[in-house]
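**Q** One structure coming up, written as C-alpha cells, with questions to follow.
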Amino acid sequence: MIALSFGIVLAATNAFGGDQPAGLLRSSKTDTGTSVYDSCLTESEAFVAGVGDQSTKDSVGTRFGKPRVIKTGENSEVWRYSDITLEFIGNELAYLSARSSKYKTPSGLTPAMNRAKAYQILGVTKESIEKQKFGTNEKIEIPFCEKTGWITMLVLRFDERDTLKSLELKLKVPNPWATSNVLIVKSTPKYEAAFDAARTAEKELGMKMELGGYSPHRLSGLTLGEEECKKAGFDFPCYVARGRGADGVFASVEFSDAFPTFRKGLYITVLATGMRDDRLLKKVQCIFPDAYWKQTQIYLGCMH
C-alpha cells in the first residue's frame, strides 16, 4: 500500500476534469501532501465475495470451504478453488483472484461484466484511467485509500471483447515509493535556463555539477544516449530521476514529470535531496532567494 492519507471526496464533474461519471474514486490530496496518484478507491470496496484485508485462513475457509489445491511456500500458501485463487502471507490474506460472476465487490463489480458497466460503477473513463496511469486497456490497477506501509489495489482484467474476466485484490504488496525532500532553485520549461542555474550554483556556491550524462529529449524530458540506455537495460529514450541512489548536495538538472507530486513539463535545478536541511537552504538563498525544499515521492521499485 502506498504510504498515504486520503479522504476528501471530489465532485463528480472535476475529479479528472470534464464530464466524469459519479463513482467510487476519492481524491488522494490532503493538507500534508499528495500521493503518487491523484485519486484512489474508497476502502469499503476492498472486498470480493466478502473477504479482503484482515481476512485470515480461518475466515476464508469458513467462507469457501476446503480448497481443491494448497501450494505451500516458505511463508506463504496458495489456495486454489475452481474459480477463485487466494494467497496468504503467514495467516493473512495477501492476494485474491476471482473469475466467476458469483463473486462481487460491495458496489457490484463482478467478472463477466462489460467494460462500460464497470467504468460506470467506478466512475472512470478511458481518458481518466490514462491520466491517472492506472494501467492499460487490458489491466487496470487502482489503489485503495487510507493505507500505510503497503500498496493495496483492485485489479480489473478485461478480454478482447471488453468483458471483465477477473477481479483481483492485491493486499500485501510492499510500497516501492519513498518520501524524500528536494532542494529546488529553478523551475522552467527551458533546459538551458535550468542548466545555467546549475552552473551558477557551481560557480557561486562551490557545488559540484553532476548532469549524469542526460540531455534534453522531447519525449522523456531528459535521456541518456542510445548506447548508454541499452547498456543500462532500458529502451531509448531513458531517464532515471535523482533520488534513487545516494542522497547528496550537488547541482543537477531534472525533469519534473519523474516526480509524481510536481507540476509537469518543467526542467528543475536541484541542489540536494534527502533530509531537509534549513541551514543549507539559507546558504543557497544568498544566491537563489526563491530556493525552497519540496517533499515528494521517489520510486525505488523495479524499472525493468
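Identifiers for the C-alpha cells are assigned positionally: chains receive A, B, ... in sequence, residues are indexed from 1 per chain, and ligands are indexed from 1 in the order shown.
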Excluding Pro111 (chain A) and any residue of its chain fewer than 3 positions from it, enumerate the residues within 10 Å of it, using only C-alpha atoms, and give them as a PyMOL selection string.

**A** chain A and resi 98-104+108+114+118+156-158+163-167

**Q** From a DSSP calculation on the backbone, collect every residue of region 19-230 of chain A in helix (DSSP H, G or I) and output the set as an NGL selection string.

**A** :A and (43-45 or 57-64 or 115-122 or 126-132 or 191-205 or 226-230)

**Q** Per DSSP on the backbone, filter region 37-212 of chain A down to the residues in strand (DSSP E) and report them as a ChimeraX atom specification.

**A** /A:39-41,47-48,51-52,69-72,76-80,84-89,92-98,139-143,150-158,164-174,177-188

**Q** Generate the output file for the selected residues, C-alpha atoms, as a PDB file, in the first residue's frame.

**A**
```pdb
ATOM      1  CA  SER A  39      -7.256   9.556  -6.791  1.00  0.00           C
ATOM      2  CA  CYS A  40      -7.931   6.280  -5.022  1.00  0.00           C
ATOM      3  CA  LEU A  41     -10.769   3.851  -4.373  1.00  0.00           C
ATOM      4  CA  PHE A  47     -13.571  -6.864  -0.575  1.00  0.00           C
ATOM      5  CA  VAL A  48     -14.545  -9.568  -3.051  1.00  0.00           C
ATOM      6  CA  VAL A  51     -13.262 -11.373   2.020  1.00  0.00           C
ATOM      7  CA  GLY A  52     -10.458  -8.852   1.857  1.00  0.00           C
ATOM      8  CA  VAL A  69      -5.269 -27.463  -4.068  1.00  0.00           C
ATOM      9  CA  ILE A  70      -2.960 -25.965  -1.439  1.00  0.00           C
ATOM     10  CA  LYS A  71       0.536 -24.925  -2.561  1.00  0.00           C
ATOM     11  CA  THR A  72       2.895 -24.124   0.307  1.00  0.00           C
ATOM     12  CA  SER A  76       3.021 -18.389   2.091  1.00  0.00           C
ATOM     13  CA  GLU A  77       0.183 -20.622   0.975  1.00  0.00           C
ATOM     14  CA  VAL A  78      -1.829 -20.520  -2.230  1.00  0.00           C
ATOM     15  CA  TRP A  79      -5.362 -21.897  -2.029  1.00  0.00           C
ATOM     16  CA  ARG A  80      -6.967 -22.816  -5.358  1.00  0.00           C
ATOM     17  CA  ILE A  84     -11.086 -18.285  -7.160  1.00  0.00           C
ATOM     18  CA  THR A  85      -7.444 -18.288  -6.038  1.00  0.00           C
ATOM     19  CA  LEU A  86      -6.149 -16.862  -2.756  1.00  0.00           C
ATOM     20  CA  GLU A  87      -2.645 -16.398  -1.386  1.00  0.00           C
ATOM     21  CA  PHE A  88      -1.767 -15.942   2.271  1.00  0.00           C
ATOM     22  CA  ILE A  89       1.357 -14.428   3.812  1.00  0.00           C
ATOM     23  CA  GLU A  92      -3.315 -13.107   6.481  1.00  0.00           C
ATOM     24  CA  LEU A  93      -4.839 -12.847   3.018  1.00  0.00           C
ATOM     25  CA  ALA A  94      -2.413 -11.141   0.638  1.00  0.00           C
ATOM     26  CA  TYR A  95      -3.936 -11.752  -2.813  1.00  0.00           C
ATOM     27  CA  LEU A  96      -7.234 -12.844  -4.344  1.00  0.00           C
ATOM     28  CA  SER A  97      -8.244 -13.562  -7.944  1.00  0.00           C
ATOM     29  CA  ALA A  98     -11.929 -14.216  -8.712  1.00  0.00           C
ATOM     30  CA  LYS A 139      -5.308  -4.492 -16.938  1.00  0.00           C
ATOM     31  CA  ILE A 140      -6.376  -1.638 -14.671  1.00  0.00           C
ATOM     32  CA  GLU A 141      -4.877  -1.246 -11.175  1.00  0.00           C
ATOM     33  CA  ILE A 142      -6.464   1.293  -8.825  1.00  0.00           C
ATOM     34  CA  PRO A 143      -5.068   1.881  -5.303  1.00  0.00           C
ATOM     35  CA  TRP A 150       1.752  -1.329   1.665  1.00  0.00           C
ATOM     36  CA  ILE A 151       0.158  -0.890  -1.725  1.00  0.00           C
ATOM     37  CA  THR A 152      -3.400  -2.205  -1.778  1.00  0.00           C
ATOM     38  CA  MET A 153      -5.037  -2.353  -5.190  1.00  0.00           C
ATOM     39  CA  LEU A 154      -8.105  -3.542  -7.031  1.00  0.00           C
ATOM     40  CA  VAL A 155      -7.090  -5.080 -10.356  1.00  0.00           C
ATOM     41  CA  LEU A 156      -9.533  -5.490 -13.244  1.00  0.00           C
ATOM     42  CA  ARG A 157      -8.530  -7.642 -16.218  1.00  0.00           C
ATOM     43  CA  PHE A 158     -10.513  -7.370 -19.481  1.00  0.00           C
ATOM     44  CA  LEU A 164     -14.220  -8.230 -17.233  1.00  0.00           C
ATOM     45  CA  LYS A 165     -12.598 -11.673 -16.983  1.00  0.00           C
ATOM     46  CA  SER A 166     -11.216 -11.410 -13.438  1.00  0.00           C
ATOM     47  CA  LEU A 167     -11.184  -9.278 -10.298  1.00  0.00           C
ATOM     48  CA  GLU A 168      -8.076  -9.233  -8.147  1.00  0.00           C
ATOM     49  CA  LEU A 169      -7.190  -7.804  -4.765  1.00  0.00           C
ATOM     50  CA  LYS A 170      -3.533  -7.065  -4.075  1.00  0.00           C
ATOM     51  CA  LEU A 171      -3.379  -6.634  -0.324  1.00  0.00           C
ATOM     52  CA  LYS A 172       0.246  -7.062   0.765  1.00  0.00           C
ATOM     53  CA  VAL A 173       2.493  -5.511  -1.874  1.00  0.00           C
ATOM     54  CA  PRO A 174       5.489  -3.630  -0.373  1.00  0.00           C
ATOM     55  CA  TRP A 177       7.827   4.659  -3.148  1.00  0.00           C
ATOM     56  CA  ALA A 178       9.852   6.542  -0.541  1.00  0.00           C
ATOM     57  CA  THR A 179       9.305  10.052   0.766  1.00  0.00           C
ATOM     58  CA  SER A 180      12.176  12.445   0.132  1.00  0.00           C
ATOM     59  CA  ASN A 181      12.903  16.169   0.015  1.00  0.00           C
ATOM     60  CA  VAL A 182      14.262  18.062  -2.965  1.00  0.00           C
ATOM     61  CA  LEU A 183      16.018  21.455  -2.800  1.00  0.00           C
ATOM     62  CA  ILE A 184      14.914  23.384  -5.895  1.00  0.00           C
ATOM     63  CA  VAL A 185      16.356  26.683  -7.118  1.00  0.00           C
ATOM     64  CA  LYS A 186      14.856  26.888 -10.602  1.00  0.00           C
ATOM     65  CA  SER A 187      11.782  25.556 -12.433  1.00  0.00           C
ATOM     66  CA  THR A 188      11.479  26.373 -16.107  1.00  0.00           C
TER      67      THR A 188
END
```

**Q** Report, in Å to a single decimal, how far apart CA of Pro260 (chain A) and CA of Arg244 (chain A) are.

**A**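 Taking CA of Arg244 (chain A) and CA of Pro260 (chain A), their separation equals 13.9 Å.
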
**Q** Can you tell me which residues surround Gly212 (chain A) at a distance of at most 12 Å, considering only C-alpha atoms, apart from same-chain residues fewer than 6 positions away, and format the answer as a short mmCIF file (atom, residue, chain, number, x, y, z; two decimals) with N, CA and C atoms, in the first residue's frame?

**A**
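Contents of around.cif, as written:
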```cif
data_model
loop_
_atom_site.label_atom_id
_atom_site.label_comp_id
_atom_site.auth_asym_id
_atom_site.auth_seq_id
_atom_site.Cartn_x
_atom_site.Cartn_y
_atom_site.Cartn_z
N LEU A 222 14.41 14.24 -20.44
CA LEU A 222 15.85 14.02 -20.42
C LEU A 222 16.12 12.59 -20.85
N THR A 223 17.32 12.34 -21.33
CA THR A 223 17.69 10.97 -21.68
C THR A 223 19.20 10.81 -21.74
N LEU A 224 19.63 9.58 -21.54
CA LEU A 224 20.99 9.19 -21.87
C LEU A 224 21.06 8.96 -23.38
N GLY A 225 22.25 8.75 -23.91
CA GLY A 225 22.38 8.39 -25.31
C GLY A 225 21.84 6.99 -25.55
N GLU A 228 24.04 4.24 -24.12
CA GLU A 228 24.01 4.24 -22.65
C GLU A 228 22.70 3.64 -22.13
N TYR A 239 15.41 7.80 -18.75
CA TYR A 239 15.77 8.80 -17.74
C TYR A 239 15.36 8.26 -16.37
N VAL A 240 16.31 8.24 -15.45
CA VAL A 240 16.06 7.85 -14.07
C VAL A 240 16.31 9.07 -13.19
N ALA A 241 15.29 9.52 -12.49
CA ALA A 241 15.40 10.76 -11.73
C ALA A 241 16.34 10.61 -10.54
N ARG A 242 16.90 11.72 -10.15
CA ARG A 242 17.75 11.79 -8.96
C ARG A 242 16.96 11.38 -7.72
N PHE A 250 24.68 18.46 -4.53
CA PHE A 250 25.34 18.80 -5.79
C PHE A 250 24.28 19.34 -6.73
N ALA A 251 24.71 20.01 -7.78
CA ALA A 251 23.78 20.64 -8.72
C ALA A 251 23.48 19.69 -9.88
N SER A 252 22.20 19.53 -10.17
CA SER A 252 21.79 18.72 -11.32
C SER A 252 20.55 19.31 -11.95
N VAL A 253 20.26 18.89 -13.17
CA VAL A 253 19.04 19.28 -13.86
C VAL A 253 18.17 18.04 -13.98
N GLU A 254 16.93 18.14 -13.50
CA GLU A 254 15.98 17.02 -13.53
C GLU A 254 14.75 17.42 -14.33
#
```

**Q** I'd like the contact shell of region 263-271 of chain A - 10 Å cut-off, only C-alpha atoms, skipping same-chain residues fewer than 2 positions apart - returned as a PyMOL selection string.

**A** chain A and resi 182-199+201-202+207-210+216+220-222+242+248-261+273+280-281+284+291-293

**Q** For a test of reading the model, state the distance in Å between CA of Ile129 (chain A) and CA of Thr296 (chain A), rounded to one decimal.

**A**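 Spanning CA of Ile129 (chain A) to CA of Thr296 (chain A) is a straight-line distance of 22.1 Å.
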